[in-house]
Amino acid sequence: MNGELEDLYQDIILEHNRQPANFRPMEEADRSVEADNPLCGDRLQLFLKLDNGRIADISFQGCGCAISVASASLLTERLKGATLAEAERLFSLVHGALTGDDASVDEDALGDLVAVVGVRRYPMRVKCATLSWHALRAALRESSPELVTTE
Amino acid sequence: MNDATEAKPAGLAQPLRWDLEAIRDDFPVLDQRVHDAPLAYLDNAATSQKPAVVIDTIADFYRHDNANVHRAVHTLAERATTAYEAAREHVRRYINASSTGEIVFLRGTTEAINLIANTLGQRWQPGDRVLLTTMEHHANIVPWQLLRERTGVEIAALPITAAGELRLDRLAAQFDGHTRLVAVTHVSNVLGTINPVGEVVRIAHEHGVPVMIDGAQALPHQRVDMQALDCDFYCFSGHKMFGPTGIGVLYGKAERLADLPPWQGGGEMIRRVTFDRTRYAAPPQRFEAGTQQISGVIGLAAAIEYLETIDPHAMAQHEQALLEHATARLREVPGLRIFGEAKHKAPVISFLVDGIHAHDLGTLLDRKGVAVRTGHHCAMPLMDVYGVPATTRASMAFYNTIDEVDRLVDAIAYAREVLK
């Protein structure tokens with residue numbers, strides 16, 4: 001692979017695409033949000049189970065490219081057990097890193113999610129990475145719409 | 001005035017050309033490297049590239065002749081008007097329409113279909129129906145849905161076979177007195193299927209129903225003959241046939257267009273205006289409100305003139321060779337599935353590779369200089385028929401080469417390696 005592409009298809013992305021974490025429906029979800037990217041036809045559904053202001057369980061299903069699947073998979077791994085406030089902060093951090101002009105990213109705070117941020121150099125693909133995060137934000141807010149779109 | 005903007009007589013002075021290398025040299029954009037690989041532009045069904053003569057004609061018009069048409073009496077206005085109307089005659093001749101009054105210039109195929117839905121369709125009653133097919137582009141679905149919301153008309157779709165061919169045997173049964181128009185694509189932008197539109201017209205006319213054909217994907221590959229085809233309306237876009245974006249054509253039989261009310265109001269489309277009442281101009285001006293895409297019209301004529309220099313038989317043979325070679329090579333790729341295996345196809349191939357999402361494939365092919373389209377191709381209902389969210393589409397034009405097809409196949413192997 002040539003050097004630049006390694007930014008996009010890092011091993012961690014490929015592994016999460018092959019075997020996404022928490023890839024399952026959730027029957028008794030407290031929040032469920034469907035998100036789609038009309039540009040490419042990708043769709044995913046994010047499920048949250050809440051307990052006392054914490055995300056007791058989180059899962060997703062749907063179909064998408066390696067970037068969107070890995071991004072969603074990493075999202076669920078990171079947020080299981082987190083408080084809603086922590087989830088909001090993580091959304092801002094990741095969304096800012098993906099869409100902001102600021103070249104510096106807080107790699108410590110992002111952890112494994114740094115791999116997802118590699119998509120910044122591919123403007124046509126940023127929406128693949130943000131899809132699950134838009135679903136998360138909608139799910140975190142009480143008055144969440146049922147359908148989220150990147151457009 | 002630039003020679004290219006003048007209509008030429010139908011008899012061709014020069015012998016027809018077929019020298020692929022020379023033809024490629026006519027298209028400046030093809031000669032470049034993308035991510036350090038030579039560009040292989042295989043996204044022609046989205047938009048085609050432009051020969052230098054089209055680019056130069058548009059630039060020359062703005063440099064030397066630019067003025068509004070049909071208005072002032074000064075010299076530039078005279079030149080612009082002459083070139084504009086010469087382009088209309090050129091289009092008429094190219095598609096063998098009966099008169100220039102049958103050639104309406106619009107923004108593109110999408111606007112042409114919206115015009116038909118908003119004029120012809122506006123008169124329909126609840127329960128009246130437009131018959132589409134399941135392989136239509138959104139441009140031939142959504143305008144009818146908007147009409148349905150306004151007027152309560154119905155939409156039906158003729159099904160297709162697994163190979164992607166129209167179920168023509170189901171057509172006659174659709175004419176139950178409620179179908180008011182058949183609106184069908186000539187060539188599918190996803191499957192490449194060339195539909196038997198002549199048969200569709202014949203059967204529909206037997207039942208007294210008019211036919212509108214979306215020809216956006218046909219004109220880049222073949223000439224069409226309106227009088228032989230006998231359809232009532234035919235729409236196409238300049239940018240798919242090596243002309244500029246923002247210009248397209250609605251052909252309508254003279255008696256059909258004469259029967260349609262105006263769609264948009266404004267300058268150019270009137271005969272006499274008072275505050276009480278406006279009398280409208282006859283077609284085609286009735287449908288050309290406001291200042292037109294003048295340079296686009298002239299650029300479209302230049303594209304047609306360019307196409308007329310190419311040997312049509314050699315071009316068709318080359319495109320079929322590209323299609324056959326690409327189909328054979330792609331079938332060798334493990335886990336690759338082709339959508340659309342109609343007997344008569346344009347050089348358009350949609351496919352999926354097992355375990356690789358179309359979007360990832362598109363990015364990886366781009367890294368090898370290969371430009372393809374990935375996604376639903378503005379045909380979501382068709383994607384639903386096949387049960388897939390997105391495909392990758394390689395669509396070829398006459399300037400593509402066998403080598404470029406081979407590079408597509410090599411790049412797919414590379415993508416499989418990266419994502420294995």
# chains A, B, ... in the order shown; residues from 1 in each chain; ligands from 1
>>> closest_atom_pairs(of="chain B", to="chain A", cutoff="8 Å", atoms="only C-alpha atoms", output="Markdown table")
| residue | atom | partner | partner_atom | distance |
| --- | --- | --- | --- | --- |
| B:Ile356 | CA | A:Cys65 | CA | 7.5 |
| B:His357 | CA | A:Cys65 | CA | 4.8 |
| B:Ala358 | CA | A:Cys65 | CA | 7.2 |
| B:His359 | CA | A:Cys65 | CA | 5.9 |
| B:Asp360 | CA | A:Cys65 | CA | 6.0 |
| B:Thr374 | CA | A:Cys40 | CA | 7.1 |
| B:Gly375 | CA | A:Cys40 | CA | 4.4 |
| B:His376 | CA | A:Cys40 | CA | 6.2 |
| B:Pro389 | CA | A:Gly41 | CA | 5.3 |
| B:Ala390 | CA | A:Gly41 | CA | 6.1 |
| B:Val418 | CA | A:Met1 | CA | 6.9 |
| B:Leu419 | CA | A:Leu14 | CA | 6.7 |
>>> write_last_selection(atoms="all heavy atoms", output="mmCIF file, in the first residue's frame")
data_model
loop_
_atom_site.group_PDB
_atom_site.id
_atom_site.type_symbol
_atom_site.label_atom_id
_atom_site.label_comp_id
_atom_site.auth_asym_id
_atom_site.auth_seq_id
_atom_site.Cartn_x
_atom_site.Cartn_y
_atom_site.Cartn_z
ATOM 1 N N ILE B 356 -16.152 -6.230 -0.077
ATOM 2 C CA ILE B 356 -15.604 -4.879 -0.260
ATOM 3 C C ILE B 356 -16.751 -3.921 -0.552
ATOM 4 O O ILE B 356 -17.463 -4.080 -1.549
ATOM 5 C CB ILE B 356 -14.580 -4.811 -1.406
ATOM 6 C CG1 ILE B 356 -13.446 -5.815 -1.172
ATOM 7 C CG2 ILE B 356 -14.017 -3.392 -1.522
ATOM 8 C CD1 ILE B 356 -12.357 -5.744 -2.211
ATOM 9 N N HIS B 357 -16.927 -2.950 0.310
ATOM 10 C CA HIS B 357 -17.956 -1.953 0.068
ATOM 11 C C HIS B 357 -17.551 -1.075 -1.115
ATOM 12 O O HIS B 357 -16.369 -0.754 -1.289
ATOM 13 C CB HIS B 357 -18.139 -1.095 1.314
ATOM 14 C CG HIS B 357 -19.334 -0.201 1.242
ATOM 15 N ND1 HIS B 357 -19.317 0.996 0.581
ATOM 16 C CD2 HIS B 357 -20.586 -0.337 1.740
ATOM 17 C CE1 HIS B 357 -20.512 1.568 0.689
ATOM 18 N NE2 HIS B 357 -21.296 0.769 1.383
ATOM 19 N N ALA B 358 -18.550 -0.698 -1.915
ATOM 20 C CA ALA B 358 -18.279 0.072 -3.131
ATOM 21 C C ALA B 358 -17.485 1.348 -2.835
ATOM 22 O O ALA B 358 -16.612 1.746 -3.614
ATOM 23 C CB ALA B 358 -19.599 0.427 -3.821
ATOM 24 N N HIS B 359 -17.762 1.955 -1.692
ATOM 25 C CA HIS B 359 -17.101 3.211 -1.367
ATOM 26 C C HIS B 359 -15.600 3.019 -1.113
ATOM 27 O O HIS B 359 -14.779 3.822 -1.524
ATOM 28 C CB HIS B 359 -17.755 3.818 -0.122
ATOM 29 C CG HIS B 359 -18.158 5.227 -0.346
ATOM 30 N ND1 HIS B 359 -19.143 5.844 0.387
ATOM 31 C CD2 HIS B 359 -17.724 6.149 -1.221
ATOM 32 C CE1 HIS B 359 -19.278 7.080 -0.035
ATOM 33 N NE2 HIS B 359 -18.437 7.286 -1.005
ATOM 34 N N ASP B 360 -15.271 1.928 -0.424
ATOM 35 C CA ASP B 360 -13.852 1.628 -0.191
ATOM 36 C C ASP B 360 -13.170 1.331 -1.522
ATOM 37 O O ASP B 360 -12.045 1.778 -1.777
ATOM 38 C CB ASP B 360 -13.699 0.423 0.743
ATOM 39 C CG ASP B 360 -14.253 0.715 2.133
ATOM 40 O OD1 ASP B 360 -14.009 1.822 2.639
ATOM 41 O OD2 ASP B 360 -14.924 -0.155 2.705
ATOM 42 N N THR B 374 -19.210 5.224 -7.495
ATOM 43 C CA THR B 374 -19.697 4.277 -6.504
ATOM 44 C C THR B 374 -20.935 4.865 -5.864
ATOM 45 O O THR B 374 -21.045 6.079 -5.730
ATOM 46 C CB THR B 374 -18.648 4.021 -5.412
ATOM 47 O OG1 THR B 374 -18.302 5.273 -4.801
ATOM 48 C CG2 THR B 374 -17.400 3.391 -5.977
ATOM 49 N N GLY B 375 -21.874 4.001 -5.489
ATOM 50 C CA GLY B 375 -23.069 4.490 -4.820
ATOM 51 C C GLY B 375 -24.316 3.904 -5.445
ATOM 52 O O GLY B 375 -24.279 2.837 -6.054
ATOM 53 N N HIS B 376 -25.427 4.636 -5.313
ATOM 54 C CA HIS B 376 -26.701 4.112 -5.812
ATOM 55 C C HIS B 376 -27.025 4.633 -7.194
ATOM 56 O O HIS B 376 -28.043 4.287 -7.768
ATOM 57 C CB HIS B 376 -27.828 4.417 -4.831
ATOM 58 C CG HIS B 376 -27.900 5.863 -4.439
ATOM 59 N ND1 HIS B 376 -28.185 6.858 -5.345
ATOM 60 C CD2 HIS B 376 -27.701 6.481 -3.260
ATOM 61 C CE1 HIS B 376 -28.176 8.031 -4.724
ATOM 62 N NE2 HIS B 376 -27.875 7.835 -3.467
ATOM 63 N N PRO B 389 -27.190 -1.958 -1.436
ATOM 64 C CA PRO B 389 -27.248 -0.522 -1.156
ATOM 65 C C PRO B 389 -26.483 0.306 -2.182
ATOM 66 O O PRO B 389 -26.810 1.453 -2.432
ATOM 67 C CB PRO B 389 -26.577 -0.401 0.217
ATOM 68 C CG PRO B 389 -25.660 -1.571 0.309
ATOM 69 C CD PRO B 389 -26.267 -2.674 -0.526
ATOM 70 N N ALA B 390 -25.471 -0.269 -2.766
ATOM 71 C CA ALA B 390 -24.599 0.515 -3.638
ATOM 72 C C ALA B 390 -23.797 -0.441 -4.515
ATOM 73 O O ALA B 390 -23.565 -1.587 -4.152
ATOM 74 C CB ALA B 390 -23.641 1.359 -2.803
ATOM 75 N N VAL B 418 -5.554 -5.025 -0.227
ATOM 76 C CA VAL B 418 -5.549 -4.079 0.895
ATOM 77 C C VAL B 418 -6.614 -4.452 1.927
ATOM 78 O O VAL B 418 -6.372 -4.389 3.139
ATOM 79 C CB VAL B 418 -5.794 -2.642 0.387
ATOM 80 C CG1 VAL B 418 -6.042 -1.690 1.555
ATOM 81 C CG2 VAL B 418 -4.615 -2.158 -0.443
ATOM 82 N N LEU B 419 -7.777 -4.834 1.454
ATOM 83 C CA LEU B 419 -8.919 -5.021 2.358
ATOM 84 C C LEU B 419 -9.141 -6.474 2.745
ATOM 85 O O LEU B 419 -10.144 -6.806 3.364
ATOM 86 C CB LEU B 419 -10.193 -4.466 1.710
ATOM 87 C CG LEU B 419 -10.178 -2.944 1.481
ATOM 88 C CD1 LEU B 419 -11.366 -2.520 0.634
ATOM 89 C CD2 LEU B 419 -10.171 -2.187 2.794
#
>>> residues_around(residues="segment 241-257 of chain B", least_positions_apart="2", cutoff="8 Å", atoms="only C-alpha atoms", output="PyMOL selection string")
chain B and resi 48-51+54+97+99+101-109+112+219-220+231-239+259-260+283-284+293+296-297+299-304
>>> closest_residue(among="B:Ile294, B:Ala314, B:Val29, B:Ala413", to="Val353 of chain B", atoms="only C-alpha atoms")
B:Ala413
>>> residues_around(residues="segment 268-274 of chain B", least_positions_apart="6", cutoff="12 Å", atoms="only C-alpha atoms", output="ChimeraX atom specification")
/B:68-71,104,261-262,280-292
>>> residues_around(residues="Ser68 of chain A", least_positions_apart="4", cutoff="8 Å", atoms="only C-alpha atoms", output="ChimeraX atom specification")
/A:64,72,128-132
>>> write_last_selection(atoms="N, CA, C and O atoms", output="PDB file, in the first residue's frame")
ATOM      1  N   GLY A  64     -22.342  -0.688   5.552  1.00  0.00           N
ATOM      2  CA  GLY A  64     -21.564   0.490   5.204  1.00  0.00           C
ATOM      3  C   GLY A  64     -20.160   0.090   4.794  1.00  0.00           C
ATOM      4  O   GLY A  64     -19.797  -1.082   4.810  1.00  0.00           O
ATOM      5  N   ALA A  72     -18.152   3.173  13.698  1.00  0.00           N
ATOM      6  CA  ALA A  72     -19.263   2.810  14.587  1.00  0.00           C
ATOM      7  C   ALA A  72     -18.815   1.784  15.624  1.00  0.00           C
ATOM      8  O   ALA A  72     -19.188   1.847  16.793  1.00  0.00           O
ATOM      9  N   CYS A 128     -18.506   9.252   5.805  1.00  0.00           N
ATOM     10  CA  CYS A 128     -18.553   7.826   6.164  1.00  0.00           C
ATOM     11  C   CYS A 128     -18.216   7.687   7.649  1.00  0.00           C
ATOM     12  O   CYS A 128     -18.836   6.909   8.376  1.00  0.00           O
ATOM     13  N   ALA A 129     -17.208   8.430   8.092  1.00  0.00           N
ATOM     14  CA  ALA A 129     -16.742   8.318   9.475  1.00  0.00           C
ATOM     15  C   ALA A 129     -17.699   8.980  10.457  1.00  0.00           C
ATOM     16  O   ALA A 129     -17.830   8.532  11.597  1.00  0.00           O
ATOM     17  N   THR A 130     -18.377  10.032  10.030  1.00  0.00           N
ATOM     18  CA  THR A 130     -19.221  10.781  10.979  1.00  0.00           C
ATOM     19  C   THR A 130     -20.619  10.191  11.120  1.00  0.00           C
ATOM     20  O   THR A 130     -21.350  10.572  12.032  1.00  0.00           O
ATOM     21  N   LEU A 131     -20.992   9.265  10.235  1.00  0.00           N
ATOM     22  CA  LEU A 131     -22.375   8.762  10.227  1.00  0.00           C
ATOM     23  C   LEU A 131     -22.828   8.274  11.603  1.00  0.00           C
ATOM     24  O   LEU A 131     -23.855   8.703  12.135  1.00  0.00           O
ATOM     25  N   SER A 132     -22.050   7.379  12.216  1.00  0.00           N
ATOM     26  CA  SER A 132     -22.462   6.813  13.502  1.00  0.00           C
ATOM     27  C   SER A 132     -22.435   7.877  14.605  1.00  0.00           C
ATOM     28  O   SER A 132     -23.209   7.805  15.570  1.00  0.00           O
TER      29      SER A 132
END
>>> residues_around(residues="Val34 of chain B", least_positions_apart="4", cutoff="12 Å", atoms="only C-alpha atoms", output="list of chain:residue names")
B:Val29, B:Leu30, B:Pro38, B:Leu39, B:Ala40, B:Tyr41, B:Leu365, B:Asp366, B:Arg367, B:Lys368, B:Gly369, B:Val370, B:Ala371
>>> residues_around(residues="Glu86 of chain A", least_positions_apart="4", cutoff="12 Å", atoms="only C-alpha atoms", output="PyMOL selection string")
chain A and resi 53-55+78-82+90-93+109+137+140
>>> residues_around(residues="Asp112 of chain A", least_positions_apart="5", cutoff="10 Å", atoms="only C-alpha atoms", output="number ranges by chain")
A: 12-13, 74-75, 77-78, 107, 117
>>> atom_distance(atom1="atom CA of Ala411 of chain B", atom2="atom CA of Ala45 of chain B")
20.0 Å
>>> select_by_dssp(residues="chain A", states="strand (DSSP E or B)", output="MDAnalysis selection string")
chainID A and resid 23 31:37 42:51 54:63 83 147:149
>>> write_last_selection(atoms="N, CA and C atoms", output="CSV table (one decimal), in the first residue's frame")
chain,number,residue,atom,x,y,z
A,23,PHE,N,-21.9,-5.5,17.2
A,23,PHE,CA,-22.7,-5.5,15.9
A,23,PHE,C,-23.9,-6.4,16.1
A,31,ARG,N,-33.0,3.9,23.5
A,31,ARG,CA,-32.9,4.8,22.4
A,31,ARG,C,-32.5,4.1,21.1
A,32,SER,N,-33.1,4.4,20.0
A,32,SER,CA,-32.7,3.7,18.8
A,32,SER,C,-32.8,4.8,17.7
A,33,VAL,N,-31.7,5.0,17.0
A,33,VAL,CA,-31.7,6.0,15.9
A,33,VAL,C,-31.2,5.4,14.6
A,34,GLU,N,-31.9,5.7,13.5
A,34,GLU,CA,-31.4,5.2,12.2
A,34,GLU,C,-30.7,6.4,11.5
A,35,ALA,N,-29.6,6.1,10.9
A,35,ALA,CA,-28.9,7.2,10.2
A,35,ALA,C,-28.6,6.7,8.8
A,36,ASP,N,-28.6,7.6,7.9
A,36,ASP,CA,-28.2,7.2,6.5
A,36,ASP,C,-27.4,8.3,5.8
A,37,ASN,N,-26.6,7.8,4.9
A,37,ASN,CA,-25.8,8.7,4.1
A,37,ASN,C,-26.3,8.6,2.6
A,42,ASP,N,-25.4,4.2,2.4
A,42,ASP,CA,-25.1,3.5,3.7
A,42,ASP,C,-26.2,3.8,4.7
A,43,ARG,N,-26.4,2.8,5.6
A,43,ARG,CA,-27.5,3.0,6.6
A,43,ARG,C,-27.0,2.3,7.8
A,44,LEU,N,-27.2,2.9,9.0
A,44,LEU,CA,-27.0,2.1,10.2
A,44,LEU,C,-28.0,2.5,11.3
A,45,GLN,N,-28.1,1.6,12.2
A,45,GLN,CA,-29.0,1.8,13.3
A,45,GLN,C,-28.2,1.7,14.6
A,46,LEU,N,-28.3,2.7,15.5
A,46,LEU,CA,-27.5,2.7,16.7
A,46,LEU,C,-28.5,2.5,17.9
A,47,PHE,N,-28.2,1.6,18.8
A,47,PHE,CA,-29.1,1.3,20.0
A,47,PHE,C,-28.4,1.6,21.3
A,48,LEU,N,-29.1,2.3,22.2
A,48,LEU,CA,-28.5,2.6,23.5
A,48,LEU,C,-29.5,2.0,24.6
A,49,LYS,N,-28.9,1.4,25.6
A,49,LYS,CA,-29.6,1.1,26.8
A,49,LYS,C,-29.0,1.9,27.9
A,50,LEU,N,-29.9,2.7,28.6
A,50,LEU,CA,-29.5,3.6,29.6
A,50,LEU,C,-29.8,3.1,31.0
A,51,ASP,N,-28.9,3.5,32.0
A,51,ASP,CA,-29.1,3.2,33.4
A,51,ASP,C,-28.5,4.3,34.2
A,54,ARG,N,-26.0,6.6,32.6
A,54,ARG,CA,-24.9,5.9,32.0
A,54,ARG,C,-25.4,5.1,30.8
A,55,ILE,N,-24.5,4.8,29.9
A,55,ILE,CA,-24.8,3.9,28.7
A,55,ILE,C,-24.5,2.5,29.2
A,56,ALA,N,-25.5,1.8,29.6
A,56,ALA,CA,-25.3,0.4,30.1
A,56,ALA,C,-25.0,-0.5,29.0
A,57,ASP,N,-25.6,-0.3,27.8
A,57,ASP,CA,-25.2,-1.1,26.6
A,57,ASP,C,-25.4,-0.3,25.4
A,58,ILE,N,-24.6,-0.6,24.4
A,58,ILE,CA,-24.7,0.1,23.1
A,58,ILE,C,-24.3,-0.9,22.0
A,59,SER,N,-25.1,-0.8,20.9
A,59,SER,CA,-24.8,-1.7,19.8
A,59,SER,C,-25.3,-1.0,18.5
A,60,PHE,N,-24.9,-1.6,17.4
A,60,PHE,CA,-25.3,-1.1,16.1
A,60,PHE,C,-25.5,-2.2,15.1
A,61,GLN,N,-26.2,-1.9,14.0
A,61,GLN,CA,-26.2,-2.8,12.9
A,61,GLN,C,-26.5,-2.0,11.6
A,62,GLY,N,-26.3,-2.6,10.5
A,62,GLY,CA,-26.5,-1.9,9.2
A,62,GLY,C,-25.5,-2.3,8.2
A,63,CYS,N,-25.4,-1.5,7.1
A,63,CYS,CA,-24.3,-1.8,6.2
A,63,CYS,C,-23.6,-0.6,5.8
A,83,THR,N,-20.8,7.9,30.9
A,83,THR,CA,-22.0,8.7,31.2
A,83,THR,C,-22.4,9.5,29.9
A,147,LEU,N,-34.7,9.7,12.3
A,147,LEU,CA,-33.9,9.5,11.2
A,147,LEU,C,-32.8,10.6,11.1
A,148,VAL,N,-31.6,10.2,11.1
A,148,VAL,CA,-30.5,11.1,11.0
A,148,VAL,C,-29.9,11.0,9.6
A,149,THR,N,-29.5,12.1,9.0
A,149,THR,CA,-28.8,12.0,7.7
A,149,THR,C,-27.6,12.9,7.7
>>> select_by_dssp(residues="segment 51-97 of chain A", states="alpha helix (DSSP H)", output="count of residues only")
28
>>> atom_distance(atom1="atom CA of Ala29 of chain A", atom2="atom CA of Leu113 of chain A")
24.8 Å
>>> atom_distance(atom1="atom CA of Asp128 of chain B", atom2="atom CA of His178 of chain B")
4.8 Å
